[in-house]
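Read the structure below first, then the notes.
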Amino acid sequence: MTRLSHLAETLTGSEIVKLGNEIKVRVGQGEKIYNYTIGDFDPHIFPIPNELKGDIISAYEHHFTSYPPAEGLLELRHAVSSFVADKFGLTYNATELLIAAGGRPLIYALFRTIVGPGDKVIYAVPSWNNNHYVHINGGTHCVIQALPENNFMPTAAEIAPHLTGAALLCLCSPQNPTGTTHSKSSLEEICDLVIAENNRRSADERKLYVMFDQMYSTLTYGDTEHHNPVSLRPEMKEYTVSIDGISKAFAATGVRVGWGMGPAHVIGKMKSLLVHMGGWSPMAEQKATAAFLLNKDAVNAFQAHFKAELEERLVLIYKGIMALKQKGYPVEAIVPQASIYLTIKIDLRGKKNGDHILENQSDVSDYILKNAHLAVVPFYAFGADRQSPWYRMSVGTCKKEEIPIMLQMLEEALAGLS
């Protein structure tokens, strides 16, 4: 077979998509699977806001179907500016905002703008897709193994030794896959490191930039508060590009409206890249999102109900896992803080299923899927060690009435091992 480009030959597919395809096959064969793998929403359980849906329909009825401006509709950028000022106390003007078809094109454009062949990129694992974006851009991976005792969030102490010569530091809070967040103090410490590193660099050296993925920023629970580097340290505005959008905040993953916020010169280069990719969000969806974001009553009413439903599911499963731990089963969970994810631990390596020993974590995952009919995403899909016993559970497609049944089946599967 004819060889293709080096990138094409070396790029690996998404482990999550691979797992999802395997589950679809089993479901298609009539098997009942409690599927907690999908970082998405079942629109029958979590529909988009009625007002947003109505605004989209209206936009199409008024024939807003042409190409949008490359940087996004001005009215949408003004609406985003108002939204982030209200929610996070951030001030960005239209030239510091870029609209695209969700977060992925923005992240890709940011990497292409900042990272050249051989440039060092710092990121922690587990984390979503940083490993793939570094590979796509020919960067040098600088990987931090985040620890469960820090809720799998990288600390300033772990980042500090790697800053010299780095081009990009990737942060995500709330974090995918863990559902945990940077505390105010931990993020302040990281910001201070970045500021000090950039002050140390000479005028002819490139600066260290931060990609701050805050796609789940509005989905925090209990006492958890979301913090952005720029709100904590205004000096960080010169070095930070934040990635956000409506995908997770309003269960609108397929509507494809995201925004990047950052220094105007970086945003301008990202726009130039997106022009060549055609990575813009559809005109009608932009018109609708602009109207919806300014409808504060609708925004607040939707999020109050939406967050309560998500939090209830996360807490129910967390309590169920911890009840199993109290019974002596080798499981664990981290208290849910944000997003649609719960981090759980299923540590069954070395256990016996009859005469069969679960020798590795893949065996554990297969056993849970086959015997508990439970599908969860192993942390190795997010760059962690393949033998990590930690998993991501997503509640975006979760039916509350099925949670007790799922937990009972998990307990029966755990009890079947020796």
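By convention here, the chains of the structure tokens are called A, B, ... in the order presented, each chain's residues are numbered starting at 1, and ligands are numbered starting at 1 in the order presented.
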Can you tell me which residues surround Ile357 (chain A) at a distance of at most 12 Å, considering only C-alpha atoms, apart from same-chain residues fewer than 6 positions away, and format the answer as a PDB file with N, CA and C atoms, in the first residue's frame?
ATOM      1  N   LEU A 348      -9.245  -3.704  40.109  1.00  0.00           N
ATOM      2  CA  LEU A 348      -9.529  -5.134  40.170  1.00  0.00           C
ATOM      3  C   LEU A 348      -8.402  -5.995  39.616  1.00  0.00           C
ATOM      4  N   ARG A 349      -7.303  -5.407  39.236  1.00  0.00           N
ATOM      5  CA  ARG A 349      -6.223  -6.223  38.673  1.00  0.00           C
ATOM      6  C   ARG A 349      -5.761  -7.261  39.695  1.00  0.00           C
ATOM      7  N   GLY A 350      -5.597  -8.482  39.203  1.00  0.00           N
ATOM      8  CA  GLY A 350      -5.198  -9.581  40.077  1.00  0.00           C
ATOM      9  C   GLY A 350      -6.364 -10.378  40.618  1.00  0.00           C
ATOM     10  N   LYS A 351      -7.579  -9.842  40.490  1.00  0.00           N
ATOM     11  CA  LYS A 351      -8.764 -10.574  40.929  1.00  0.00           C
ATOM     12  C   LYS A 351      -9.063 -11.705  39.946  1.00  0.00           C
ATOM     13  N   ASP A 363      -8.394  -5.939  30.925  1.00  0.00           N
ATOM     14  CA  ASP A 363      -9.215  -7.057  31.405  1.00  0.00           C
ATOM     15  C   ASP A 363     -10.296  -6.555  32.354  1.00  0.00           C
ATOM     16  N   VAL A 364      -9.940  -5.604  33.197  1.00  0.00           N
ATOM     17  CA  VAL A 364     -10.905  -5.035  34.156  1.00  0.00           C
ATOM     18  C   VAL A 364     -12.041  -4.353  33.402  1.00  0.00           C
ATOM     19  N   TYR A 367     -14.259  -6.865  31.779  1.00  0.00           N
ATOM     20  CA  TYR A 367     -15.075  -7.577  32.770  1.00  0.00           C
ATOM     21  C   TYR A 367     -16.271  -6.736  33.205  1.00  0.00           C
ATOM     22  N   LEU A 417     -16.125 -11.697  41.861  1.00  0.00           N
ATOM     23  CA  LEU A 417     -14.678 -11.896  41.778  1.00  0.00           C
ATOM     24  C   LEU A 417     -14.123 -12.416  43.097  1.00  0.00           C
ATOM     25  N   SER A 418     -13.010 -13.086  42.994  1.00  0.00           N
ATOM     26  CA  SER A 418     -12.342 -13.584  44.206  1.00  0.00           C
ATOM     27  C   SER A 418     -10.894 -13.144  44.243  1.00  0.00           C
TER      28      SER A 418
END
Within region 9-173 of chain A, find each residue whose DSSP state, derived from the backbone, is strand (DSSP E), and express the selection as a PyMOL selection string.
chain A and resi 34-35+97-100+120-125+140-145+166-172
Filtering to N, CA, C and O atoms, could you give me those residues as an mmCIF file, in the first residue's frame?
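The resulting file, again.cif, is shown below:
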data_model
loop_
_atom_site.group_PDB
_atom_site.id
_atom_site.type_symbol
_atom_site.label_atom_id
_atom_site.label_comp_id
_atom_site.auth_asym_id
_atom_site.auth_seq_id
_atom_site.Cartn_x
_atom_site.Cartn_y
_atom_site.Cartn_z
ATOM 1 N N TYR A 34 -25.198 0.256 30.061
ATOM 2 C CA TYR A 34 -25.286 1.537 30.761
ATOM 3 C C TYR A 34 -24.061 2.343 30.313
ATOM 4 O O TYR A 34 -22.956 2.138 30.812
ATOM 5 N N ASN A 35 -24.300 3.215 29.352
ATOM 6 C CA ASN A 35 -23.203 3.869 28.642
ATOM 7 C C ASN A 35 -22.883 5.228 29.261
ATOM 8 O O ASN A 35 -23.614 6.201 29.065
ATOM 9 N N LEU A 97 -11.787 38.681 20.399
ATOM 10 C CA LEU A 97 -12.695 37.539 20.394
ATOM 11 C C LEU A 97 -12.772 36.924 18.992
ATOM 12 O O LEU A 97 -12.783 37.655 17.999
ATOM 13 N N LEU A 98 -12.824 35.613 18.950
ATOM 14 C CA LEU A 98 -12.908 34.891 17.682
ATOM 15 C C LEU A 98 -13.967 33.805 17.812
ATOM 16 O O LEU A 98 -13.951 33.023 18.774
ATOM 17 N N ILE A 99 -14.882 33.764 16.868
ATOM 18 C CA ILE A 99 -15.955 32.770 16.862
ATOM 19 C C ILE A 99 -15.586 31.633 15.905
ATOM 20 O O ILE A 99 -15.047 31.870 14.822
ATOM 21 N N ALA A 100 -15.894 30.407 16.304
ATOM 22 C CA ALA A 100 -15.636 29.254 15.435
ATOM 23 C C ALA A 100 -16.660 28.166 15.721
ATOM 24 O O ALA A 100 -17.509 28.295 16.611
ATOM 25 N N LYS A 120 8.297 23.029 22.735
ATOM 26 C CA LYS A 120 7.847 22.307 23.923
ATOM 27 C C LYS A 120 6.443 22.748 24.331
ATOM 28 O O LYS A 120 6.160 23.930 24.465
ATOM 29 N N VAL A 121 5.578 21.754 24.556
ATOM 30 C CA VAL A 121 4.223 21.999 25.049
ATOM 31 C C VAL A 121 4.047 21.239 26.356
ATOM 32 O O VAL A 121 4.246 20.023 26.405
ATOM 33 N N ILE A 122 3.684 21.971 27.397
ATOM 34 C CA ILE A 122 3.484 21.365 28.719
ATOM 35 C C ILE A 122 2.000 21.056 28.903
ATOM 36 O O ILE A 122 1.146 21.920 28.716
ATOM 37 N N TYR A 123 1.713 19.829 29.286
ATOM 38 C CA TYR A 123 0.334 19.477 29.627
ATOM 39 C C TYR A 123 0.349 18.312 30.602
ATOM 40 O O TYR A 123 1.296 17.528 30.660
ATOM 41 N N ALA A 124 -0.715 18.246 31.387
ATOM 42 C CA ALA A 124 -0.845 17.154 32.342
ATOM 43 C C ALA A 124 -1.732 16.069 31.748
ATOM 44 O O ALA A 124 -2.558 16.320 30.871
ATOM 45 N N VAL A 125 -1.560 14.862 32.242
ATOM 46 C CA VAL A 125 -2.485 13.774 31.918
ATOM 47 C C VAL A 125 -3.013 13.214 33.238
ATOM 48 O O VAL A 125 -2.299 13.211 34.241
ATOM 49 N N THR A 140 7.043 19.115 20.917
ATOM 50 C CA THR A 140 7.708 18.215 21.852
ATOM 51 C C THR A 140 6.833 18.074 23.092
ATOM 52 O O THR A 140 6.486 19.068 23.734
ATOM 53 N N HIS A 141 6.467 16.842 23.407
ATOM 54 C CA HIS A 141 5.591 16.582 24.543
ATOM 55 C C HIS A 141 6.350 16.766 25.857
ATOM 56 O O HIS A 141 7.411 16.180 26.055
ATOM 57 N N CYS A 142 5.785 17.546 26.745
ATOM 58 C CA CYS A 142 6.290 17.658 28.117
ATOM 59 C C CYS A 142 5.126 17.295 29.026
ATOM 60 O O CYS A 142 4.242 18.119 29.286
ATOM 61 N N VAL A 143 5.097 16.051 29.469
ATOM 62 C CA VAL A 143 3.908 15.487 30.108
ATOM 63 C C VAL A 143 4.090 15.418 31.623
ATOM 64 O O VAL A 143 5.103 14.907 32.118
ATOM 65 N N ILE A 144 3.099 15.913 32.326
ATOM 66 C CA ILE A 144 3.057 15.835 33.789
ATOM 67 C C ILE A 144 2.004 14.801 34.171
ATOM 68 O O ILE A 144 0.860 14.878 33.719
ATOM 69 N N GLN A 145 2.391 13.847 34.981
ATOM 70 C CA GLN A 145 1.440 12.849 35.467
ATOM 71 C C GLN A 145 0.726 13.423 36.689
ATOM 72 O O GLN A 145 1.259 13.453 37.792
ATOM 73 N N ALA A 166 9.632 26.539 27.070
ATOM 74 C CA ALA A 166 8.309 26.069 26.644
ATOM 75 C C ALA A 166 7.597 27.142 25.829
ATOM 76 O O ALA A 166 7.732 28.341 26.083
ATOM 77 N N ALA A 167 6.808 26.709 24.849
ATOM 78 C CA ALA A 167 6.031 27.629 24.018
ATOM 79 C C ALA A 167 4.594 27.748 24.497
ATOM 80 O O ALA A 167 3.985 28.815 24.402
ATOM 81 N N LEU A 168 4.046 26.646 25.037
ATOM 82 C CA LEU A 168 2.631 26.629 25.401
ATOM 83 C C LEU A 168 2.426 25.762 26.636
ATOM 84 O O LEU A 168 2.994 24.675 26.749
ATOM 85 N N LEU A 169 1.608 26.279 27.545
ATOM 86 C CA LEU A 169 1.160 25.536 28.718
ATOM 87 C C LEU A 169 -0.339 25.324 28.578
ATOM 88 O O LEU A 169 -1.096 26.288 28.450
ATOM 89 N N CYS A 170 -0.777 24.077 28.587
ATOM 90 C CA CYS A 170 -2.194 23.754 28.403
ATOM 91 C C CYS A 170 -2.844 23.479 29.750
ATOM 92 O O CYS A 170 -2.424 22.570 30.477
ATOM 93 N N LEU A 171 -3.856 24.265 30.057
ATOM 94 C CA LEU A 171 -4.622 24.084 31.284
ATOM 95 C C LEU A 171 -6.088 23.929 30.929
ATOM 96 O O LEU A 171 -6.566 24.492 29.949
ATOM 97 N N CYS A 172 -6.799 23.172 31.742
ATOM 98 C CA CYS A 172 -8.237 22.988 31.542
ATOM 99 C C CYS A 172 -8.898 22.958 32.910
ATOM 100 O O CYS A 172 -8.516 22.171 33.780
#
Where does region 300-375 of chain A meet region 207-224 of chain A within 12 Å, residue by residue, with the nearest atom pair and distance in Å to one decimal for each, counting only C-alpha atoms, listed by chain and rising number, as CSV?
residue,atom,partner,partner_atom,distance
A:Asn300,CA,A:Thr218,CA,10.6
A:Phe302,CA,A:Thr218,CA,11.6
A:Gln303,CA,A:Thr218,CA,8.2
A:Ala304,CA,A:Leu219,CA,9.9
A:His305,CA,A:Leu219,CA,11.4
A:Phe306,CA,A:Leu219,CA,8.9
A:Lys307,CA,A:Leu219,CA,6.3
A:Ala308,CA,A:Tyr221,CA,8.5
A:Glu309,CA,A:Tyr221,CA,11.0
A:Leu310,CA,A:Leu219,CA,8.7
A:Glu311,CA,A:Tyr221,CA,6.7
A:Glu312,CA,A:Tyr221,CA,10.0
A:Arg313,CA,A:Tyr221,CA,11.9
A:Leu314,CA,A:Tyr221,CA,10.0
A:Val315,CA,A:Tyr221,CA,10.1
A:Val335,CA,A:Tyr221,CA,10.3
A:Pro336,CA,A:Tyr221,CA,7.7
A:Gln337,CA,A:Tyr221,CA,5.5
A:Ala338,CA,A:Thr220,CA,4.1
A:Ser339,CA,A:Leu219,CA,5.1
A:Ile340,CA,A:Leu219,CA,7.8
A:Tyr341,CA,A:Tyr216,CA,10.3
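Across the model, the gap from CA of Ala252 (chain A) to CA of Ile45 (chain A) is 12.5 Å.
Neighbours of Leu324 (chain A) closer than or equal to 12 Å, with only C-alpha atoms counted and sequence neighbours fewer than 3 positions away skipped, come out as Ile317, Tyr318, Lys319, Gly320, Ile321, Lys327, Gly328, Tyr329, Pro330, Val331, Glu332, Ala333, Ile344, Lys345, Ile346, Leu407, Gln408, Met409, Leu410, Glu411, Glu412, Ala413, Leu414 and Ala415 of chain A.
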At most 10 Å is the cut-off: for each residue in region 251-323 of chain A with any atom that close to an atom of region 85-92 of chain A, write down the nearest atom pair and the distance in Å rounded to one decimal, counting only C-alpha atoms, chain first then increasing number, as JSON lines.
{"residue": "A:Met261", "atom": "CA", "partner": "A:Tyr92", "partner_atom": "CA", "distance": 7.1}
{"residue": "A:Gly262", "atom": "CA", "partner": "A:Tyr92", "partner_atom": "CA", "distance": 7.9}
{"residue": "A:Pro263", "atom": "CA", "partner": "A:Tyr92", "partner_atom": "CA", "distance": 9.2}
{"residue": "A:Ala264", "atom": "CA", "partner": "A:Tyr92", "partner_atom": "CA", "distance": 9.6}
{"residue": "A:Lys296", "atom": "CA", "partner": "A:Asp86", "partner_atom": "CA", "distance": 9.6}
Requested write-out: C-alpha atoms of the selected residues, as a PDB file, in the first residue's frame:
ATOM      1  CA  MET A 261     -10.557  35.107  23.949  1.00  0.00           C
ATOM      2  CA  GLY A 262      -7.023  36.421  23.922  1.00  0.00           C
ATOM      3  CA  PRO A 263      -4.485  39.008  22.799  1.00  0.00           C
ATOM      4  CA  ALA A 264      -5.622  40.694  19.579  1.00  0.00           C
ATOM      5  CA  LYS A 296     -30.181  36.866  30.803  1.00  0.00           C
TER       6      LYS A 296
END
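Of the listed residues (A:Thr289, A:Thr397, A:Ser388, A:Thr343), A:Thr289 comes nearest to Ala59 (chain A); the distances count only C-alpha atoms.
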Could you name the residues that touch Asn50 (chain A) at 12 Å or less, counting only C-alpha atoms, but leaving out those on the same chain fewer than 2 positions away, as a PyMOL selection string?
chain A and resi 46-48+52-57+250-252+288+292+295+298-299+301-302
Env of Ala146 (chain A): 10 Å cut, atoms = only C-alpha atoms, seq-sep filter 5 positions within chain, self excluded. Answer as a PyMOL selection string.
chain A and resi 123-127+151-155+158+384
